[in-house]
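Working notes, beginning with the structure itself.
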Amino acid sequence: MQLTDESLRKIAALQRNEITEHLIYERIAQVTPDSHNREVLTRIAGEEVQHYNIWKQYTGRDVAPNLLRVWYYYLIARLLGMTFAIKLMESVEQEAQIGDPALLAEIPELPSMLSNEAKHEQELINLIDEERLKYVGSVVLGLNDALVEFTGTLAGLTFAIQDSRIIAVAGLITGVAASLSMAASEYLSQRSDETTGTNPKKAAFYTGMTYIVTVALLILPFLLLTSPYVALVFTLVGAVLVIFVFTFYISVAKDLPFWKRFAEMAAISLGIAAISFVIGLVIRVLLNVNV
């Protein structure tokens, strides 16, 4: 089959992508303690070599991997989990591979090759059993509660007290108590439901830690800034950023729609904050509080 120089260049890019992903899967497999997940990752790495050799038949040469990309996804896997890293990588790859008319014309079997490759890899990826994803529900519980309760609490305290330091102290005391309460509730909930297959202590830990970390991020502006109103603005912006990052992580790792979930969670948190702000104003006026 005679291919144009441009087509050979594009095929070489696909070939490089395959050997790069082979190394990514291989590196992640080497540091994966779970034998089942390590076996699945090794199988996927082997599939990538096969795909590499298919493209090599067209180019007739070896292609060097993108080592920067290898280390990039390796670090993401270490920090945020292998499932997130792999699915993020595969989504980027699929977008890059979609529809080059010239290449499709010269290699008619290309769509079938890419489709079969994507399907097989997805089947293998779905076999990965990562512990942290088992406790996503506990993380969501801690995050949602902290965001909804504390954007509202801090907004209400801002107008009722109008002193950044006192608001921060009151919020921190409330936050620590609430995180312990949430962790205990999650522990009891998981222990009473044996069908979940999760460890109640780990579920409680994920819920409590997520709650207290979120609270710390929301309170931080009140510790750094003297104006409670400016601090509240930074807190609300921080809350939206936390929602954005977490929703993006979950949408990639769990194959869920992003924008709908982000908009829903942001609207709830900011809506509660607005209502609480008004309540704080009303309480301040009715009780004649001057701090």
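Note on naming: chains are A, B, ... as they come in the structure tokens, residues start from 1 per chain, ligands start from 1 in the order shown.
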Problem - Long-range neighbours of stretch 246-249 of chain A as an MDAnalysis selection string, 9 Å cut-off, only C-alpha atoms, 5 positions minimum in chain - result: chainID A and resid 80 84 140 143 241 254 258:259 261:262 265
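The neighbours of A:Val49 here are the residues that come within 7 Å of it, using only C-alpha atoms and leaving out any residue fewer than 6 positions away in the same chain; they are Glu18, Ile19 and His22 of chain A.
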Exercise for the section: Write out as a count of residues only each polymer residue whose atoms come within 7 Å of stretch 53-62 of chain A, counting only C-alpha atoms; drop sequence neighbours fewer than 3 positions from it. Expected result: 6
Exercise for the section: Write out as a list in words which residues come within 10 Å of A:Asp163 when counting only C-alpha atoms, dropping same-chain ones fewer than 5 positions away. Expected result: Leu157, Thr158, Ala168, Phe222, Thr226, Ser227, Pro228, Tyr229 and Val291 of chain A
Please save N, CA, C and O atoms of the selected residues as a short mmCIF file (atom, residue, chain, number, x, y, z; two decimals), in the first residue's frame.
data_model
loop_
_atom_site.label_atom_id
_atom_site.label_comp_id
_atom_site.auth_asym_id
_atom_site.auth_seq_id
_atom_site.Cartn_x
_atom_site.Cartn_y
_atom_site.Cartn_z
N LEU A 157 -22.25 33.78 59.61
CA LEU A 157 -21.39 34.37 60.64
C LEU A 157 -20.79 35.70 60.18
O LEU A 157 -20.57 36.59 61.00
N THR A 158 -20.53 35.81 58.87
CA THR A 158 -19.92 37.04 58.36
C THR A 158 -20.79 38.25 58.65
O THR A 158 -20.30 39.29 59.12
N ALA A 168 -13.39 32.77 62.04
CA ALA A 168 -12.51 31.64 61.78
C ALA A 168 -12.49 30.66 62.95
O ALA A 168 -12.57 29.44 62.76
N PHE A 222 -10.41 33.62 56.06
CA PHE A 222 -10.75 34.39 57.26
C PHE A 222 -9.55 34.49 58.21
O PHE A 222 -9.49 35.40 59.03
N THR A 226 -8.27 40.53 56.85
CA THR A 226 -8.93 41.25 57.95
C THR A 226 -10.39 41.56 57.64
O THR A 226 -11.22 41.60 58.54
N SER A 227 -10.71 41.80 56.38
CA SER A 227 -12.09 42.11 56.01
C SER A 227 -12.89 40.82 55.87
O SER A 227 -12.59 39.99 55.00
N PRO A 228 -13.93 40.62 56.67
CA PRO A 228 -14.72 39.39 56.58
C PRO A 228 -15.46 39.27 55.25
O PRO A 228 -15.69 38.16 54.77
N TYR A 229 -15.83 40.39 54.66
CA TYR A 229 -16.57 40.35 53.40
C TYR A 229 -15.66 39.93 52.23
O TYR A 229 -16.06 39.14 51.37
N VAL A 291 -20.43 43.18 67.27
CA VAL A 291 -19.13 42.59 67.61
C VAL A 291 -18.05 43.39 66.94
O VAL A 291 -18.15 43.68 65.75
#
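For A:Thr214, the set of protein, DNA and RNA residues having any atom at most 9 Å away, when counting only C-alpha atoms and skipping those fewer than 2 positions along the same chain, is Gly142, Leu143, Ala146, Leu147, Phe150, Met209, Thr210, Tyr211, Ile212, Ala216, Leu217, Leu218, Ile219, Ala239 and Val242 of chain A.
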Mind writing the picked residues with N, CA and C atoms as a compact mmCIF listing (two decimals), in the first residue's frame?
# COMPACT_ATOMS: atom_id res chain seq x y z
N GLY A 142 -18.68 13.59 52.72
CA GLY A 142 -17.93 14.57 53.49
C GLY A 142 -17.79 15.90 52.77
N LEU A 143 -17.52 15.84 51.46
CA LEU A 143 -17.33 17.06 50.69
C LEU A 143 -18.63 17.85 50.57
N ALA A 146 -19.63 19.40 53.96
CA ALA A 146 -18.76 20.51 54.33
C ALA A 146 -19.03 21.74 53.48
N LEU A 147 -19.18 21.56 52.18
CA LEU A 147 -19.42 22.69 51.29
C LEU A 147 -20.76 23.36 51.58
N PHE A 150 -20.79 24.68 55.38
CA PHE A 150 -19.85 25.73 55.76
C PHE A 150 -19.89 26.97 54.88
N MET A 209 -11.94 12.98 57.02
CA MET A 209 -10.79 13.71 56.49
C MET A 209 -11.21 14.67 55.37
N THR A 210 -12.10 14.21 54.49
CA THR A 210 -12.59 15.09 53.42
C THR A 210 -13.30 16.30 54.01
N TYR A 211 -14.09 16.06 55.04
CA TYR A 211 -14.84 17.15 55.68
C TYR A 211 -13.88 18.18 56.28
N ILE A 212 -12.92 17.71 57.07
CA ILE A 212 -12.05 18.65 57.79
C ILE A 212 -11.11 19.39 56.83
N ALA A 216 -11.05 23.41 56.36
CA ALA A 216 -9.81 24.19 56.49
C ALA A 216 -9.61 25.12 55.30
N LEU A 217 -9.91 24.63 54.09
CA LEU A 217 -9.77 25.46 52.89
C LEU A 217 -10.76 26.63 52.90
N LEU A 218 -11.97 26.38 53.38
CA LEU A 218 -12.99 27.42 53.41
C LEU A 218 -12.69 28.48 54.49
N ILE A 219 -12.09 28.07 55.59
CA ILE A 219 -11.81 28.99 56.69
C ILE A 219 -10.54 29.81 56.43
N ALA A 239 -14.76 27.58 47.21
CA ALA A 239 -15.76 26.50 47.22
C ALA A 239 -16.10 26.07 45.79
N VAL A 242 -13.17 24.07 44.41
CA VAL A 242 -13.16 22.71 44.98
C VAL A 242 -14.21 21.84 44.30
Completion exercise
Correct to one decimal, the distance atom CA of A:Ser185-atom CA of A:Glu264 is 24.7 Å
Practice task
With a distance cut-off of 6 Å and only C-alpha atoms, select the neighbouring residues of A:Gly156, excluding the residue or stretch itself and same-chain residues fewer than 2 positions from it, and output the selection as JSON, numbers by chain.
Solution key: {"A": [153, 154, 158, 159, 276, 277, 280]}
Exercise for the section: Using backbone DSSP assignments, extract all helix (DSSP H, G or I) residues from stretch 36-102 of chain A; output them as a ChimeraX atom specification. Expected result: /A:36-59,67-80,82-97,101-102
Residue selection dump (C-alpha atoms) as a PDB file, in the first residue's frame:
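Final file, again_8.pdb:
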ATOM      1  CA  HIS A  36      -5.064  -8.404  40.120  1.00  0.00           C
ATOM      2  CA  ASN A  37      -4.664  -4.779  39.050  1.00  0.00           C
ATOM      3  CA  ARG A  38      -1.011  -5.375  38.182  1.00  0.00           C
ATOM      4  CA  GLU A  39      -2.002  -8.265  35.910  1.00  0.00           C
ATOM      5  CA  VAL A  40      -4.671  -6.181  34.150  1.00  0.00           C
ATOM      6  CA  LEU A  41      -2.262  -3.279  33.594  1.00  0.00           C
ATOM      7  CA  THR A  42       0.388  -5.659  32.242  1.00  0.00           C
ATOM      8  CA  ARG A  43      -2.157  -7.099  29.796  1.00  0.00           C
ATOM      9  CA  ILE A  44      -3.080  -3.624  28.567  1.00  0.00           C
ATOM     10  CA  ALA A  45       0.622  -2.789  28.185  1.00  0.00           C
ATOM     11  CA  GLY A  46       0.985  -5.895  26.027  1.00  0.00           C
ATOM     12  CA  GLU A  47      -1.978  -4.813  23.893  1.00  0.00           C
ATOM     13  CA  GLU A  48      -0.317  -1.462  23.290  1.00  0.00           C
ATOM     14  CA  VAL A  49       2.815  -3.200  21.962  1.00  0.00           C
ATOM     15  CA  GLN A  50       0.655  -5.194  19.536  1.00  0.00           C
ATOM     16  CA  HIS A  51      -0.974  -1.988  18.289  1.00  0.00           C
ATOM     17  CA  TYR A  52       2.478  -0.424  17.969  1.00  0.00           C
ATOM     18  CA  ASN A  53       3.609  -3.317  15.755  1.00  0.00           C
ATOM     19  CA  ILE A  54       0.510  -2.931  13.553  1.00  0.00           C
ATOM     20  CA  TRP A  55       1.404   0.698  12.842  1.00  0.00           C
ATOM     21  CA  LYS A  56       5.041  -0.310  12.339  1.00  0.00           C
ATOM     22  CA  GLN A  57       3.948  -2.430   9.380  1.00  0.00           C
ATOM     23  CA  TYR A  58       2.868   0.793   7.662  1.00  0.00           C
ATOM     24  CA  THR A  59       5.822   2.996   8.636  1.00  0.00           C
ATOM     25  CA  LEU A  67       8.965  10.160  27.848  1.00  0.00           C
ATOM     26  CA  LEU A  68       7.590  13.461  29.163  1.00  0.00           C
ATOM     27  CA  ARG A  69       4.049  12.134  28.686  1.00  0.00           C
ATOM     28  CA  VAL A  70       5.051   8.868  30.363  1.00  0.00           C
ATOM     29  CA  TRP A  71       6.209  10.686  33.512  1.00  0.00           C
ATOM     30  CA  TYR A  72       3.216  13.061  33.417  1.00  0.00           C
ATOM     31  CA  TYR A  73       0.623  10.280  33.603  1.00  0.00           C
ATOM     32  CA  TYR A  74       2.769   8.238  35.975  1.00  0.00           C
ATOM     33  CA  LEU A  75       2.792  11.135  38.447  1.00  0.00           C
ATOM     34  CA  ILE A  76      -0.953  11.682  38.018  1.00  0.00           C
ATOM     35  CA  ALA A  77      -1.508   7.989  38.757  1.00  0.00           C
ATOM     36  CA  ARG A  78       0.597   8.218  41.907  1.00  0.00           C
ATOM     37  CA  LEU A  79      -1.148  11.371  43.138  1.00  0.00           C
ATOM     38  CA  LEU A  80      -4.762  10.892  42.026  1.00  0.00           C
ATOM     39  CA  MET A  82      -4.429   4.923  38.398  1.00  0.00           C
ATOM     40  CA  THR A  83      -8.081   4.778  37.287  1.00  0.00           C
ATOM     41  CA  PHE A  84      -8.277   8.558  36.948  1.00  0.00           C
ATOM     42  CA  ALA A  85      -4.915   8.739  35.136  1.00  0.00           C
ATOM     43  CA  ILE A  86      -5.768   5.937  32.705  1.00  0.00           C
ATOM     44  CA  LYS A  87      -9.242   7.200  31.846  1.00  0.00           C
ATOM     45  CA  LEU A  88      -7.975  10.750  31.420  1.00  0.00           C
ATOM     46  CA  MET A  89      -5.250   9.465  29.105  1.00  0.00           C
ATOM     47  CA  GLU A  90      -7.675   7.345  27.076  1.00  0.00           C
ATOM     48  CA  SER A  91     -10.140  10.230  26.673  1.00  0.00           C
ATOM     49  CA  VAL A  92      -7.355  12.467  25.348  1.00  0.00           C
ATOM     50  CA  GLU A  93      -6.232   9.714  22.979  1.00  0.00           C
ATOM     51  CA  GLN A  94      -9.749   9.171  21.607  1.00  0.00           C
ATOM     52  CA  GLU A  95     -10.197  12.884  20.888  1.00  0.00           C
ATOM     53  CA  ALA A  96      -6.833  12.934  19.079  1.00  0.00           C
ATOM     54  CA  GLN A  97      -7.717   9.916  16.924  1.00  0.00           C
ATOM     55  CA  PRO A 101     -10.595  12.041   6.282  1.00  0.00           C
ATOM     56  CA  ALA A 102      -7.344  11.692   4.306  1.00  0.00           C
TER      57      ALA A 102
END
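The gap separating atom CA of A:Ala178 from atom CA of A:Ile272 is 17.3 Å, in Å to one decimal.
When atom CA of A:Thr4 is paired with atom CA of A:Pro65, their separation reads 22.9 Å.
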